[in-house]
Every structure is written in structure tokens, then in C-alpha cells.
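Scroll down for the structure; my scribbles are underneath it.
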Amino acid sequence: MRFEEAYGDWQAKRLSQEEAARLLGVHERTFRRYIDRYEENGLEGLADKRLTQVSHRRAPVDELTRLTDLYRSRHQGWNVKHFYGWYRRDEKAPRSYSWVKSRLQEAGLVKKAKGRGAHRKRRERSPLPGLMIHQDGSTHEWVPGQKWDLIVTMDDATNEHYSMFFCSEEGTWSSFVGVREVIESRGLFSTFYSDRGSHYWHTPEAGGKVDRKNLTQFGEAMKRLGITMIAAYSPEARGRSERMFSTHQERLPKELALAGITDMEAANRYLREVYRPAFNAEFLQPAMEEGSAFVGWIGGPLEDILCERFERTVGNDNCVCFENMKLQIPADRHLCHYVKAKVSVVRHTDGTLAILHGPRRLADYDATGKPLAPKLKAAA
């Protein structure tokens, strides 16, 4: 009725198009479009077609039904972001995250999240990959009835997980394995950030400062590599890795259950081949600067650096006593014997032993002290 009144006044030349548009509260171009539609179809032409026509972008009912049935039958309890990543990857669905979340909320399958708290400024990430590496472990019931430790070694700059595996207990061995996988795949990094676990640091007083002079076996290995260690003094200081573990604890048990995995070997294979690549693809952040701080490793065998070392003195029988074992040093062409010599007993991550005299390797042994055949050097 208001349009007809304005239209009549415009026709009678009592109002200009600009004045008639202002009267209706629309732009002059909109008023001209109204005129065209009115003169073609009358008042029905002014009706908002969005109220009577179905959008061509509206999802088919079959697609919506499949989405809700899939979530209800196989992914009940998954958070929306986790389910959406799986839905896009396995179902090749073109829908957006917001659309999937809205449909699941409308179906009553997921609840709306509460509003976030006050904004807090987080520590800036490292500008380049390889400047700071985080390592931490999380004990959790990853499969029903069994608690394992998940060891993650990740980059501060990008969130990329370079190493990720389950073990029975976090310790020196697991730390060496994580660092070795990073160096072998990317290169030597600058700093290592961790909590104050006893395999990382000696802490004279509970809750106090770490002892930077009396190093652990892991600390000695980092010193040999030239990597600076940084200790975190609160869970908040490790917030980035803590948030990642929260995500893993939410997602991994569901994925392992869906895949029917109950043993550690199969779980580690799933982490390596499926979970870690998908997680990195979803959560990888671009570094603030181009380039990399990783340096290619050109030193000796990593197995002789990322290991436990124990100083011993060779006995009169040319043997080394180590943990109730007698390690016999075989004859060689350099010295008739090594009696009273200072040597290093090395224990590798696979449990094997070796005796080093300076840079020279004297012998290798299995975990029980039985001599192993000498390792032959590859032909140049």
C-alpha cells in the first residue's frame, strides 16, 4: 500500500524518484526495480521470492539423512571438528564445517558449545621451523583396559608433529627415539623445550630450579649435539603441547576403536601411516617467516650420540664390569690390551651395548653382554 501511494505520487509528478525512494526507505535504484516488477506483475511482483522458492543450494534430504545416520551409527560422541575432518576425508563431502555443525545441532546429535572466556594473549610462536622443538608425554587409556604413554615431538613454529608413538612408559629411551626421528627426517634443531621430568633434568628441590650443571643422560646427549634445553615450570608454560594432547585424547581412542586396534604395535603403525599425516594436514600452521632453522646432520652415527653413556675403567683381565656383566674386549691391532684405560660403555635405544675408547669402537654386545659380530663398513 505504501508503494502504491508513492508510485501514484510519482506518476502524478508530485514526487521525484529520489523522494519516493526516500519515503519508502530504500535506494533510488531499488525503487526503479520495484517499478519494473510492479508494472509487469502487479503487487505480486513485489513479493519476496525467498519466502516462496527453495534455494538451489539447499542440500537434498538424502544427503542430510546420510550425514545424521553416519554420525549416529559410527561416530557418536565425536566433537564436530573431528567428525568434519573425517567426513571430508572419507566421504569427499563438499559441505562447509558450519553447515555440518548446524545440521548435527538441529538433529540434536551435538550440543551447542558455551561461549568462550575472556581473551588471553598467548606467547608468540617461533618464527622459523627448527628453532624450538617441544616434547612431552601423556598417559591415557588409549585402548580399553590399557594405559600407554603417547610421546609427541612437535615444532613450536608450525604445530607439525615430527614424531609420535606409544610406549609402555615415558623415559630416557622414549626421549632419544623422538629426537632421533626428528633429526633423521628434518635435521638438527636449535632448542629443546620440555617439562622437568627426571629423565630430562635433575631437580635438587621439588618444584625448584633445575640443575644445569649436573646433567642427565638425555641432557648430556643434547650437549653433545649442541642443542640448548629449556625447562618449563608450569603446565601453562607448556600450553601449546597441552592443548594438542587434549585433542589427541579426544580423538585417538575413538579412531583406534573404529579401526578395531587393541595392541601397541598396530596402534603405532596407525599413528605413523594414518593419524599423524591427517593431523598435520589439519592443524599445520604456516610459519611467521619463510625458511628453516634446521641444519643437516653430518656428524657420526646418531645411535652413539642419542644413547646412555657410562664411564668405566678396564680391569686387569681386559674386561669391563657393567651392571653385573663382564664385557670382554677382543684383541685388536691397535693395542695388546686396554688394562686401566678409561672407556665408555654405550647403551643404545634398542638395548644393545658398545665399548668406545675415545672415537674408536672396540666392541658391540647384545643386551645380555654377548659379543656381536663387528659391523662392516660399506665400500666407498
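Residues are named by chain letter and number: chains run A, B, ... in the order of the C-alpha cells, numbers start at 1 in each chain, and ligands are numbered from 1 in the order shown.
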
Next item on the list: Could you give me the residues within range 75-115 of chain A that DSSP places in helix (DSSP H, G or I), as a ChimeraX atom specification?
Entry: /A:80-91,97-106

For the contact check between range 244-327 of chain A and range 331-353 of chain A, emit one row per residue of range 244-327 of chain A within 12 Å, containing the shortest atom pair and the distance in Å rounded to one decimal, counting only C-alpha atoms, chain then rising number order, as a Markdown table.
```
| residue | atom | partner | partner_atom | distance |
| --- | --- | --- | --- | --- |
| A:Pro301 | CA | A:His348 | CA | 11.3 |
| A:Leu302 | CA | A:His348 | CA | 9.8 |
| A:Glu303 | CA | A:His348 | CA | 6.2 |
| A:Asp304 | CA | A:Val346 | CA | 7.1 |
| A:Ile305 | CA | A:His348 | CA | 8.9 |
| A:Leu306 | CA | A:His348 | CA | 7.5 |
| A:Cys307 | CA | A:His348 | CA | 5.0 |
| A:Glu308 | CA | A:Arg347 | CA | 5.2 |
| A:Arg309 | CA | A:Val346 | CA | 4.7 |
| A:Phe310 | CA | A:Val345 | CA | 5.1 |
| A:Glu311 | CA | A:Ser344 | CA | 4.7 |
| A:Arg312 | CA | A:Val343 | CA | 5.5 |
| A:Thr313 | CA | A:Lys342 | CA | 4.7 |
| A:Val314 | CA | A:Lys340 | CA | 4.9 |
| A:Gly315 | CA | A:Val339 | CA | 5.5 |
| A:Asn316 | CA | A:Val339 | CA | 5.4 |
| A:Asp317 | CA | A:Val339 | CA | 7.3 |
| A:Asn318 | CA | A:Val339 | CA | 5.4 |
| A:Cys319 | CA | A:Val339 | CA | 8.1 |
| A:Val320 | CA | A:Val345 | CA | 8.5 |
| A:Cys321 | CA | A:Val345 | CA | 9.6 |
| A:Phe322 | CA | A:Val345 | CA | 7.9 |
| A:Glu323 | CA | A:Val345 | CA | 10.7 |
| A:Met325 | CA | A:Leu353 | CA | 11.2 |
| A:Lys326 | CA | A:Val345 | CA | 11.7 |
| A:Leu327 | CA | A:Leu353 | CA | 9.4 |
```

Store the residues of this selection in a file with C-alpha atoms, as an mmCIF file, in the first residue's frame.
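And here is the file that came out, again26.cif:
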```
data_model
loop_
_atom_site.group_PDB
_atom_site.id
_atom_site.type_symbol
_atom_site.label_atom_id
_atom_site.label_comp_id
_atom_site.auth_asym_id
_atom_site.auth_seq_id
_atom_site.Cartn_x
_atom_site.Cartn_y
_atom_site.Cartn_z
ATOM 1 C CA PRO A 301 76.209 -42.291 13.928
ATOM 2 C CA LEU A 302 73.269 -40.898 15.895
ATOM 3 C CA GLU A 303 72.953 -44.184 17.767
ATOM 4 C CA ASP A 304 76.262 -43.425 19.510
ATOM 5 C CA ILE A 305 75.155 -39.901 20.474
ATOM 6 C CA LEU A 306 71.498 -40.353 21.430
ATOM 7 C CA CYS A 307 72.258 -43.045 23.969
ATOM 8 C CA GLU A 308 73.228 -43.625 27.590
ATOM 9 C CA ARG A 309 76.959 -43.393 28.357
ATOM 10 C CA PHE A 310 78.771 -44.750 31.390
ATOM 11 C CA GLU A 311 82.455 -44.197 32.132
ATOM 12 C CA ARG A 312 84.373 -47.325 33.202
ATOM 13 C CA THR A 313 87.963 -48.412 33.789
ATOM 14 C CA VAL A 314 89.151 -51.608 32.107
ATOM 15 C CA GLY A 315 90.129 -54.322 34.592
ATOM 16 C CA ASN A 316 93.273 -56.434 34.701
ATOM 17 C CA ASP A 317 91.504 -59.177 32.744
ATOM 18 C CA ASN A 318 90.869 -56.734 29.857
ATOM 19 C CA CYS A 319 87.152 -56.777 30.732
ATOM 20 C CA VAL A 320 84.697 -54.032 31.682
ATOM 21 C CA CYS A 321 82.233 -54.576 34.510
ATOM 22 C CA PHE A 322 78.799 -53.209 33.707
ATOM 23 C CA GLU A 323 75.554 -53.991 35.576
ATOM 24 C CA MET A 325 78.029 -58.282 33.286
ATOM 25 C CA LYS A 326 81.617 -58.853 32.174
ATOM 26 C CA LEU A 327 82.220 -57.307 28.770
#
```

Next item on the list: Pull the strand (DSSP E or B) assignments for range 148-350 of chain A out of DSSP run on the backbone, and list those residues as a ChimeraX atom specification.
Entry: /A:148-155,161-167,188,191-194,202,211,228-231,295,308-313,319-322,325-328,342-347

Using the selection just defined, write its residues with N, CA and C atoms as a short mmCIF file (atom, residue, chain, number, x, y, z; two decimals), in the first residue's frame.
```cif
data_model
loop_
_atom_site.label_atom_id
_atom_site.label_comp_id
_atom_site.auth_asym_id
_atom_site.auth_seq_id
_atom_site.Cartn_x
_atom_site.Cartn_y
_atom_site.Cartn_z
N TRP A 148 48.77 -46.50 28.10
CA TRP A 148 50.07 -46.33 27.47
C TRP A 148 50.49 -44.88 27.58
N ASP A 149 51.76 -44.63 27.30
CA ASP A 149 52.25 -43.25 27.19
C ASP A 149 52.37 -42.89 25.72
N LEU A 150 51.80 -41.76 25.35
CA LEU A 150 51.94 -41.23 23.99
C LEU A 150 53.03 -40.17 24.01
N ILE A 151 54.09 -40.34 23.24
CA ILE A 151 55.21 -39.41 23.18
C ILE A 151 55.12 -38.61 21.88
N VAL A 152 55.06 -37.31 22.01
CA VAL A 152 54.93 -36.43 20.85
C VAL A 152 56.10 -35.45 20.82
N THR A 153 56.74 -35.32 19.67
CA THR A 153 57.78 -34.34 19.45
C THR A 153 57.32 -33.44 18.31
N MET A 154 57.10 -32.15 18.59
CA MET A 154 56.46 -31.26 17.63
C MET A 154 57.21 -29.93 17.52
N ASP A 155 56.93 -29.20 16.46
CA ASP A 155 57.58 -27.92 16.19
C ASP A 155 56.75 -26.79 16.77
N HIS A 161 53.79 -32.33 13.89
CA HIS A 161 54.25 -33.45 14.72
C HIS A 161 55.27 -34.25 13.89
N TYR A 162 56.53 -34.21 14.31
CA TYR A 162 57.57 -34.92 13.59
C TYR A 162 57.68 -36.37 14.06
N SER A 163 57.34 -36.61 15.31
CA SER A 163 57.43 -37.96 15.87
C SER A 163 56.26 -38.17 16.81
N MET A 164 55.70 -39.39 16.76
CA MET A 164 54.52 -39.67 17.57
C MET A 164 54.42 -41.19 17.73
N PHE A 165 54.50 -41.69 18.94
CA PHE A 165 54.43 -43.14 19.14
C PHE A 165 53.99 -43.47 20.56
N PHE A 166 53.47 -44.68 20.73
CA PHE A 166 53.08 -45.19 22.04
C PHE A 166 54.24 -46.00 22.63
N CYS A 167 54.38 -45.96 23.95
CA CYS A 167 55.32 -46.82 24.65
C CYS A 167 54.73 -47.14 26.02
N LEU A 188 69.16 -31.14 12.35
CA LEU A 188 69.47 -30.70 13.71
C LEU A 188 68.71 -29.41 14.01
N THR A 191 66.73 -25.50 19.81
CA THR A 191 66.40 -25.60 21.23
C THR A 191 65.37 -26.70 21.46
N PHE A 192 65.40 -27.25 22.66
CA PHE A 192 64.51 -28.34 23.05
C PHE A 192 63.74 -27.92 24.28
N TYR A 193 62.42 -27.93 24.21
CA TYR A 193 61.55 -27.44 25.29
C TYR A 193 60.79 -28.61 25.90
N SER A 194 60.86 -28.75 27.22
CA SER A 194 60.21 -29.89 27.87
C SER A 194 59.83 -29.54 29.30
N HIS A 202 67.81 -32.96 36.36
CA HIS A 202 67.93 -33.19 37.81
C HIS A 202 67.39 -31.93 38.50
N ASP A 211 68.90 -28.28 37.77
CA ASP A 211 70.36 -28.23 37.88
C ASP A 211 70.94 -28.28 36.47
N THR A 228 70.32 -26.54 22.83
CA THR A 228 70.02 -25.88 24.11
C THR A 228 68.71 -26.39 24.67
N MET A 229 68.71 -26.79 25.94
CA MET A 229 67.49 -27.29 26.58
C MET A 229 66.84 -26.16 27.39
N ILE A 230 65.51 -26.11 27.33
CA ILE A 230 64.72 -25.13 28.07
C ILE A 230 63.71 -25.88 28.92
N ALA A 231 63.66 -25.55 30.22
CA ALA A 231 62.73 -26.23 31.13
C ALA A 231 61.47 -25.40 31.34
N VAL A 295 69.33 -27.77 10.43
CA VAL A 295 70.65 -27.92 9.81
C VAL A 295 70.87 -29.40 9.56
N GLU A 308 72.70 -43.75 26.23
CA GLU A 308 73.23 -43.63 27.59
C GLU A 308 74.72 -43.96 27.56
N ARG A 309 75.52 -43.17 28.30
CA ARG A 309 76.96 -43.39 28.36
C ARG A 309 77.40 -43.54 29.81
N PHE A 310 78.27 -44.50 30.04
CA PHE A 310 78.77 -44.75 31.39
C PHE A 310 80.29 -44.91 31.31
N GLU A 311 80.99 -44.13 32.12
CA GLU A 311 82.45 -44.20 32.13
C GLU A 311 82.91 -45.38 33.00
N ARG A 312 83.85 -46.17 32.49
CA ARG A 312 84.37 -47.33 33.20
C ARG A 312 85.88 -47.41 33.00
N THR A 313 86.53 -48.13 33.90
CA THR A 313 87.96 -48.41 33.79
C THR A 313 88.14 -49.89 33.49
N CYS A 319 88.62 -56.76 30.76
CA CYS A 319 87.15 -56.78 30.73
C CYS A 319 86.62 -55.51 31.40
N VAL A 320 85.39 -55.18 31.08
CA VAL A 320 84.70 -54.03 31.68
C VAL A 320 83.50 -54.57 32.44
N CYS A 321 83.39 -54.18 33.71
CA CYS A 321 82.23 -54.58 34.51
C CYS A 321 81.11 -53.57 34.30
N PHE A 322 79.94 -54.09 33.95
CA PHE A 322 78.80 -53.21 33.71
C PHE A 322 77.51 -53.94 34.07
N MET A 325 77.56 -57.59 34.48
CA MET A 325 78.03 -58.28 33.29
C MET A 325 79.52 -58.03 33.11
N LYS A 326 80.21 -58.99 32.53
CA LYS A 326 81.62 -58.85 32.17
C LYS A 326 81.70 -58.73 30.66
N LEU A 327 82.11 -57.55 30.20
CA LEU A 327 82.22 -57.31 28.77
C LEU A 327 83.68 -57.47 28.35
N GLN A 328 83.96 -58.58 27.67
CA GLN A 328 85.33 -58.88 27.25
C GLN A 328 85.69 -58.04 26.01
N LYS A 342 90.55 -45.74 30.38
CA LYS A 342 89.22 -45.19 30.58
C LYS A 342 88.41 -45.38 29.29
N VAL A 343 87.27 -46.04 29.40
CA VAL A 343 86.43 -46.29 28.23
C VAL A 343 84.99 -45.88 28.56
N SER A 344 84.17 -45.81 27.51
CA SER A 344 82.75 -45.50 27.68
C SER A 344 81.93 -46.71 27.26
N VAL A 345 81.01 -47.10 28.14
CA VAL A 345 80.04 -48.14 27.79
C VAL A 345 78.78 -47.43 27.31
N VAL A 346 78.36 -47.74 26.11
CA VAL A 346 77.21 -47.08 25.48
C VAL A 346 76.04 -48.06 25.42
N ARG A 347 74.87 -47.60 25.88
CA ARG A 347 73.67 -48.43 25.74
C ARG A 347 72.73 -47.71 24.77
#
```

Counting only C-alpha atoms, which residues in range 217-302 of chain A sit no more than 9 Å from range 142-147 of chain A? For each one, give the nearest pair of atoms and the distance in Å, sorted by chain then residue number, as JSON lines.
```
{"residue": "A:Gln249", "atom": "CA", "partner": "A:Trp142", "partner_atom": "CA", "distance": 7.5}
{"residue": "A:Leu252", "atom": "CA", "partner": "A:Trp142", "partner_atom": "CA", "distance": 6.9}
{"residue": "A:Pro253", "atom": "CA", "partner": "A:Trp142", "partner_atom": "CA", "distance": 5.0}
{"residue": "A:Lys254", "atom": "CA", "partner": "A:Trp142", "partner_atom": "CA", "distance": 8.7}
{"residue": "A:Leu256", "atom": "CA", "partner": "A:Val143", "partner_atom": "CA", "distance": 7.1}
{"residue": "A:Ala257", "atom": "CA", "partner": "A:Val143", "partner_atom": "CA", "distance": 7.2}
{"residue": "A:Ile261", "atom": "CA", "partner": "A:Val143", "partner_atom": "CA", "distance": 7.7}
{"residue": "A:Thr262", "atom": "CA", "partner": "A:Val143", "partner_atom": "CA", "distance": 5.9}
{"residue": "A:Asp263", "atom": "CA", "partner": "A:Val143", "partner_atom": "CA", "distance": 8.1}
```

Write a file of the just-selected residues containing N, CA and C atoms, as a PDB file, in the first residue's frame.
```
ATOM      1  N   GLN A 249      43.645 -36.934  23.080  1.00  0.00           N
ATOM      2  CA  GLN A 249      42.849 -37.752  23.995  1.00  0.00           C
ATOM      3  C   GLN A 249      41.382 -37.785  23.592  1.00  0.00           C
ATOM      4  N   LEU A 252      41.989 -39.804  19.415  1.00  0.00           N
ATOM      5  CA  LEU A 252      42.670 -41.072  19.157  1.00  0.00           C
ATOM      6  C   LEU A 252      41.917 -42.306  19.664  1.00  0.00           C
ATOM      7  N   PRO A 253      41.409 -42.316  20.907  1.00  0.00           N
ATOM      8  CA  PRO A 253      40.684 -43.523  21.343  1.00  0.00           C
ATOM      9  C   PRO A 253      39.517 -43.872  20.425  1.00  0.00           C
ATOM     10  N   LYS A 254      38.816 -42.871  19.918  1.00  0.00           N
ATOM     11  CA  LYS A 254      37.681 -43.122  19.027  1.00  0.00           C
ATOM     12  C   LYS A 254      38.156 -43.696  17.694  1.00  0.00           C
ATOM     13  N   LEU A 256      41.036 -45.326  17.103  1.00  0.00           N
ATOM     14  CA  LEU A 256      41.582 -46.670  17.300  1.00  0.00           C
ATOM     15  C   LEU A 256      40.457 -47.686  17.469  1.00  0.00           C
ATOM     16  N   ALA A 257      39.407 -47.288  18.199  1.00  0.00           N
ATOM     17  CA  ALA A 257      38.257 -48.187  18.364  1.00  0.00           C
ATOM     18  C   ALA A 257      37.562 -48.429  17.032  1.00  0.00           C
ATOM     19  N   ILE A 261      41.639 -51.502  16.658  1.00  0.00           N
ATOM     20  CA  ILE A 261      43.023 -51.688  17.106  1.00  0.00           C
ATOM     21  C   ILE A 261      43.067 -51.797  18.623  1.00  0.00           C
ATOM     22  N   THR A 262      43.764 -52.843  19.126  1.00  0.00           N
ATOM     23  CA  THR A 262      43.872 -53.032  20.578  1.00  0.00           C
ATOM     24  C   THR A 262      45.306 -53.279  21.047  1.00  0.00           C
ATOM     25  N   ASP A 263      46.264 -53.501  20.140  1.00  0.00           N
ATOM     26  CA  ASP A 263      47.643 -53.743  20.566  1.00  0.00           C
ATOM     27  C   ASP A 263      48.537 -52.581  20.157  1.00  0.00           C
TER      28      ASP A 263
END
```

Hey, which bits of range 224-270 of chain A sit within 10 Å of range 275-289 of chain A, and for each residue what's the closest pair of atoms and how far apart in Å (one decimal), counting only C-alpha atoms, rows by chain and increasing number, as a Markdown table?
```
| residue | atom | partner | partner_atom | distance |
| --- | --- | --- | --- | --- |
| A:Met244 | CA | A:Phe283 | CA | 9.6 |
| A:Thr247 | CA | A:Phe279 | CA | 10.0 |
| A:His248 | CA | A:Phe279 | CA | 9.3 |
| A:Arg251 | CA | A:Tyr275 | CA | 9.7 |
| A:Leu252 | CA | A:Tyr275 | CA | 8.1 |
| A:Glu255 | CA | A:Tyr275 | CA | 8.5 |
| A:Leu256 | CA | A:Tyr275 | CA | 9.6 |
| A:Ala267 | CA | A:Tyr275 | CA | 9.7 |
| A:Asn268 | CA | A:Tyr275 | CA | 9.6 |
| A:Arg269 | CA | A:Tyr275 | CA | 9.2 |
| A:Tyr270 | CA | A:Tyr275 | CA | 6.2 |
```

Note to self: Please list as a ChimeraX atom specification every residue within 6 Å of Gly187 in chain A, counting only C-alpha atoms and excluding residues in the same chain fewer than 6 positions away.
What the structure shows: /A:294-297

Just to be explicit: take each residue in the selection above, keep N, CA and C atoms, and write the result as a PDB file, in the first residue's frame.
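Resulting contents of selection.pdb:
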```pdb
ATOM      1  N   PHE A 294      66.452 -25.659  10.574  1.00  0.00           N
ATOM      2  CA  PHE A 294      67.044 -26.993  10.633  1.00  0.00           C
ATOM      3  C   PHE A 294      68.382 -27.001   9.897  1.00  0.00           C
ATOM      4  N   VAL A 295      69.330 -27.769  10.426  1.00  0.00           N
ATOM      5  CA  VAL A 295      70.654 -27.922   9.812  1.00  0.00           C
ATOM      6  C   VAL A 295      70.874 -29.396   9.563  1.00  0.00           C
ATOM      7  N   GLY A 296      71.326 -29.741   8.366  1.00  0.00           N
ATOM      8  CA  GLY A 296      71.571 -31.141   8.045  1.00  0.00           C
ATOM      9  C   GLY A 296      72.607 -31.771   8.965  1.00  0.00           C
ATOM     10  N   TRP A 297      72.348 -32.994   9.410  1.00  0.00           N
ATOM     11  CA  TRP A 297      73.254 -33.680  10.326  1.00  0.00           C
ATOM     12  C   TRP A 297      74.381 -34.343   9.543  1.00  0.00           C
TER      13      TRP A 297
END
```

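Distances here use only C-alpha atoms; by that measure, the residue among A:Thr68, A:Ser190, A:Glu91, A:Met132 closest to Ala107 in chain A is A:Thr68.
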
Checklist line | Contact residues around Leu23 in chain A with only C-alpha atoms at 12 Å, ignoring same-chain residues under 2 positions, as JSON, numbers by chain | finding: {"A": [2, 3, 4, 5, 6, 7, 9, 10, 15, 16, 17, 18, 19, 20, 21, 25, 26, 27, 28, 31]}

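Taking CA of Ala113 in chain A and CA of Ser98 in chain A as the two end points, the separation is 13.3 Å.
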
Margin query: Between A:Gln11, A:Gln135, A:Thr158, A:Asn79, which residue has the minimum interatomic distance to Lys111 in chain A, considering only C-alpha atoms?
Written below: A:Asn79

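Shortest separation to Glu220 in chain A among A:Arg360, A:Arg88, A:His199, A:His82 occurs at residue A:His199, atoms counted being only C-alpha atoms.
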
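Ranking A:Ile355, A:Gly369, A:Asn41, A:Gly291 by their shortest atom-to-atom distance to Asn324 in chain A, with only C-alpha atoms included, puts A:Gly369 first.
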
Margin query: Report, in Å to a single decimal, how far apart CA of Ala221 in chain A and CA of Gly300 in chain A are.
Written below: 13.0 Å
